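K.L.:
For reference, this is model-v4.txt, and it has compact mmCIF, C-alpha atoms.
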```
# COMPACT_ATOMS: atom_id res chain seq x y z
CA MET A 1 23.91 2.66 -9.65
CA LYS A 2 22.36 5.69 -8.01
CA ALA A 3 19.23 7.28 -9.42
CA VAL A 4 17.08 10.12 -8.11
CA PHE A 5 13.37 10.22 -8.84
CA TYR A 6 11.98 13.75 -8.55
CA HIS A 7 8.28 14.29 -8.11
CA ALA A 8 5.83 16.73 -6.58
CA GLY A 9 3.10 14.46 -5.32
CA CYS A 10 0.85 15.00 -8.32
CA PRO A 11 -1.19 12.10 -9.73
CA VAL A 12 0.94 12.00 -12.88
CA CYS A 13 4.04 11.83 -10.68
CA LEU A 14 2.76 9.04 -8.49
CA ASP A 15 1.60 6.97 -11.43
CA ALA A 16 4.96 7.26 -13.20
CA GLU A 17 6.78 6.48 -9.98
CA ARG A 18 4.74 3.36 -9.40
CA GLN A 19 5.16 2.12 -12.94
CA ILE A 20 8.88 2.73 -13.33
CA LEU A 21 9.99 1.78 -9.85
CA GLN A 22 8.26 -1.57 -9.93
CA LEU A 23 10.58 -2.56 -12.77
CA VAL A 24 13.75 -1.52 -10.98
CA ASP A 25 16.21 -3.94 -9.48
CA ASN A 26 16.33 -2.57 -5.95
CA ASP A 27 19.07 -4.93 -4.93
CA ALA A 28 21.39 -3.55 -7.57
CA HIS A 29 20.46 0.14 -7.57
CA GLU A 30 19.80 2.83 -5.03
CA ILE A 31 16.79 4.97 -5.91
CA GLU A 32 16.29 8.15 -3.93
CA ILE A 33 12.78 9.62 -4.05
CA VAL A 34 12.68 13.41 -3.73
CA HIS A 35 9.34 15.16 -3.26
CA LEU A 36 10.13 18.70 -4.34
CA GLY A 37 6.99 20.03 -2.70
CA GLU A 38 8.18 18.78 0.66
CA GLN A 39 11.88 19.41 -0.01
CA PRO A 40 11.91 22.78 -1.81
CA GLN A 41 15.57 23.19 -0.95
CA ARG A 42 16.29 20.50 -3.57
CA VAL A 43 14.67 22.45 -6.43
CA THR A 44 17.81 24.44 -7.26
CA SER A 45 19.99 21.35 -7.52
CA ALA A 46 17.34 19.54 -9.56
CA LYS A 47 17.30 22.46 -12.00
CA ALA A 48 21.09 22.41 -12.14
CA LEU A 49 20.92 18.74 -13.14
CA GLY A 50 18.64 19.71 -16.03
CA VAL A 51 15.26 18.76 -14.56
CA LYS A 52 12.65 20.83 -16.39
CA SER A 53 9.49 19.15 -15.15
CA VAL A 54 8.37 16.44 -12.78
CA PRO A 55 8.19 13.52 -12.63
CA ALA A 56 11.76 12.97 -13.78
CA ILE A 57 14.50 10.49 -13.05
CA VAL A 58 18.20 11.26 -13.07
CA VAL A 59 20.35 8.16 -13.44
CA ALA A 60 23.93 8.55 -12.24
CA ASP A 61 25.15 11.85 -13.70
CA ASN A 62 23.23 11.65 -16.95
CA GLU A 63 20.73 14.06 -18.42
CA PRO A 64 17.29 13.70 -16.78
CA VAL A 65 14.64 11.46 -18.26
CA HIS A 66 11.34 13.34 -17.99
CA LEU A 67 8.33 11.07 -17.52
CA ASN A 68 5.01 12.25 -18.86
CA PHE A 69 4.28 15.75 -17.52
CA GLY A 70 3.04 16.60 -14.06
CA ALA A 71 4.35 20.07 -13.30
CA SER A 72 7.00 22.45 -14.51
CA ILE A 73 10.05 22.84 -12.29
CA ALA A 74 9.46 26.60 -12.52
CA ASP A 75 6.17 26.14 -10.69
CA LEU A 76 7.98 24.47 -7.81
CA GLU A 77 10.42 27.30 -7.21
CA ALA A 78 9.93 29.27 -4.07
CA MET B 79 5.94 -8.30 -15.27
CA LYS B 80 5.82 -7.54 -18.96
CA ALA B 81 6.75 -4.13 -20.30
CA VAL B 82 7.09 -2.84 -23.85
CA PHE B 83 9.54 -0.09 -24.69
CA TYR B 84 8.58 1.73 -27.89
CA HIS B 85 11.14 3.78 -29.74
CA ALA B 86 12.01 4.93 -33.22
CA GLY B 87 15.76 4.82 -33.23
CA CYS B 88 16.16 8.54 -32.52
CA PRO B 89 18.93 9.80 -30.21
CA VAL B 90 16.39 10.81 -27.56
CA CYS B 91 14.91 7.31 -27.75
CA LEU B 92 18.20 5.51 -27.45
CA ASP B 93 19.35 7.64 -24.54
CA ALA B 94 16.12 7.06 -22.60
CA GLU B 95 16.26 3.35 -23.39
CA ARG B 96 19.80 3.06 -22.10
CA GLN B 97 19.08 4.98 -18.93
CA ILE B 98 15.85 3.28 -17.94
CA LEU B 99 16.71 -0.24 -18.99
CA GLN B 100 19.95 -0.31 -17.04
CA LEU B 101 17.88 0.07 -13.86
CA VAL B 102 15.50 -2.76 -14.68
CA ASP B 103 15.59 -6.13 -13.03
CA ASN B 104 15.84 -8.32 -16.12
CA ASP B 105 15.54 -11.50 -14.12
CA ALA B 106 12.15 -10.45 -12.80
CA HIS B 107 10.67 -8.64 -15.79
CA GLU B 108 10.38 -9.20 -19.50
CA ILE B 109 11.06 -6.05 -21.51
CA GLU B 110 10.19 -6.12 -25.18
CA ILE B 111 11.88 -3.46 -27.31
CA VAL B 112 9.81 -2.34 -30.31
CA HIS B 113 11.41 -0.11 -32.95
CA LEU B 114 8.37 1.43 -34.64
CA GLY B 115 10.45 2.54 -37.61
CA GLU B 116 11.40 -1.04 -38.33
CA GLN B 117 8.07 -2.53 -37.20
CA PRO B 118 5.49 -0.07 -38.57
CA GLN B 119 2.80 -2.74 -38.21
CA ARG B 120 3.02 -2.15 -34.44
CA VAL B 121 2.13 1.57 -34.66
CA THR B 122 -1.62 0.99 -34.61
CA SER B 123 -1.50 -1.16 -31.49
CA ALA B 124 0.87 1.29 -29.78
CA LYS B 125 -1.61 4.09 -30.47
CA ALA B 126 -4.42 1.95 -29.12
CA LEU B 127 -2.46 1.53 -25.89
CA GLY B 128 -2.26 5.31 -25.60
CA VAL B 129 1.27 5.91 -26.88
CA LYS B 130 1.39 9.49 -28.14
CA SER B 131 5.12 9.86 -28.66
CA VAL B 132 8.32 7.87 -28.47
CA PRO B 133 10.21 6.87 -26.48
CA ALA B 134 7.53 5.42 -24.25
CA ILE B 135 7.20 2.42 -21.99
CA VAL B 136 3.99 0.51 -21.35
CA VAL B 137 4.11 -1.55 -18.16
CA ALA B 138 1.63 -4.41 -18.01
CA ASP B 139 -1.70 -2.94 -19.16
CA ASN B 140 -1.22 0.51 -17.67
CA GLU B 141 -1.25 3.89 -19.36
CA PRO B 142 2.02 4.58 -21.18
CA VAL B 143 4.84 6.46 -19.52
CA HIS B 144 6.25 8.86 -22.11
CA LEU B 145 9.98 9.51 -21.70
CA ASN B 146 11.32 12.86 -22.85
CA PHE B 147 10.22 13.50 -26.42
CA GLY B 148 11.73 11.98 -29.53
CA ALA B 149 8.97 11.85 -32.11
CA SER B 150 5.20 11.99 -32.27
CA ILE B 151 3.44 8.71 -32.93
CA ALA B 152 1.58 10.50 -35.71
CA ASP B 153 4.88 10.96 -37.54
CA LEU B 154 5.44 7.21 -37.48
CA GLU B 155 2.16 6.29 -39.11
CA ALA B 156 2.36 4.98 -42.63
```
Kindly return the structure encoded in the file as structure tokens.
P.N.:
Amino acid sequence: MKAVFYHAGCPVCLDAERQILQLVDNDAHEIEIVHLGEQPQRVTSAKALGVKSVPAIVVADNEPVHLNFGASIADLEA
Amino acid sequence: MKAVFYHAGCPVCLDAERQILQLVDNDAHEIEIVHLGEQPQRVTSAKALGVKSVPAIVVADNEPVHLNFGASIADLEA
């Protein structure tokens, strides 16, 4: 299964990433890590997927799961 | 690694549970599912761990990761 983990490098993001990703079966699933601060061209597609804040994880084509609260997606828009 | 997933049976909880748990390596980690509506005696310890809302997952002894927002822990207290 493909999942995309969106973050913005904030401490809340990095903590959530560490905690969730250590549980993941990396042999069975492909997790893409997207740093929206470094890849601002991905912000529009993240929003289109329903990402409202980071950190968030989008599993397959499902609605995003927002993890704690680091930053609003609006604050990451150019 | 041990992780505890707290929920209260709400749709937001069940969706987050499904999405996160399908990524987890169940051979490597032990995930306990706690339904605080059915196990109200666990609310106090969840609060002590820092759980402020459900669904939430507590990995090892770390700070909880709150997933989306289903219900406040305060609303689950007896």
K.L.:
Could you list, with a cut-off of 12 Å and counting all atoms listed in the file, the residues of region 108-137 of chain B near region 54-76 of chain A, each shown with its nearest atom pair and the distance in Å rounded to one decimal, rows sorted by chain and ascending number, as JSON lines?
P.N.:
```
{"residue": "B:Val129", "atom": "CA", "partner": "A:Asn68", "partner_atom": "CA", "distance": 10.9}
{"residue": "B:Lys130", "atom": "CA", "partner": "A:Asn68", "partner_atom": "CA", "distance": 10.3}
{"residue": "B:Ser131", "atom": "CA", "partner": "A:Asn68", "partner_atom": "CA", "distance": 10.1}
{"residue": "B:Val132", "atom": "CA", "partner": "A:Asn68", "partner_atom": "CA", "distance": 11.1}
{"residue": "B:Pro133", "atom": "CA", "partner": "A:Leu67", "partner_atom": "CA", "distance": 10.1}
{"residue": "B:Ala134", "atom": "CA", "partner": "A:Leu67", "partner_atom": "CA", "distance": 8.8}
{"residue": "B:Ile135", "atom": "CA", "partner": "A:Leu67", "partner_atom": "CA", "distance": 9.8}
```
K.L.:
Which residues, written as a PyMOL selection string, have at least one atom at most 7 Å from Leu36 (chain A), with all atoms listed in the file counted and residues fewer than 2 positions away on the same chain left out?
P.N.:
chain A and resi 6-8+34+38-40+42-43
K.L.:
Edge lengths and centre in Å to one decimal, as JSON, of the axis-aligned box that encloses all listed atoms of region 86-103 of chain B with 3 Å added on every side?
P.N.:
```
{"center_x": 16.0, "center_y": 2.3, "center_z": -23.1, "size_x": 13.9, "size_y": 22.9, "size_z": 26.2}
```
K.L.:
Would you list the contacts of Gly9 (chain A) as a list in words, taking every protein, DNA or RNA residue within 8 Å and counting all atoms listed in the file, but skipping same-chain residues closer than 3 positions in sequence?
P.N.:
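Counting all atoms listed in the file, the residues come to Cys13, Leu14, His35 and Gly37 of chain A.
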K.L.:
Tell me, as a list of chain:residue names, which residues lie within 7 Å of region 102-111 of chain B, counting all atoms listed in the file; anything in the same chain fewer than 5 positions away does not count.
P.N.:
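The filter keeps A:Leu23, A:Val24, A:Asp25, B:Met79, B:Lys80, B:Ala81, B:Val82, B:Phe83, B:Tyr84.
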K.L.:
Rounded to one decimal place, report the CA of Ala126 (chain B)-CA of Glu17 (chain A) distance in Å.
P.N.:
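Atom-to-atom, CA of Ala126 (chain B) to CA of Glu17 (chain A), that is 22.6 Å.
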K.L.:
Between CA of Ala16 (chain A) and CA of Ala94 (chain B), measure the distance and give it in Å to one decimal.
P.N.:
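Taking CA of Ala16 (chain A) as the start and CA of Ala94 (chain B) as the end point, the length is 14.6 Å.
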K.L.:
Quote the spacing between CA of Gln22 (chain A) and CA of Lys125 (chain B) in Å to one decimal place.
P.N.:
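One can read the CA of Gln22 (chain A) to CA of Lys125 (chain B) distance as 23.5 Å.
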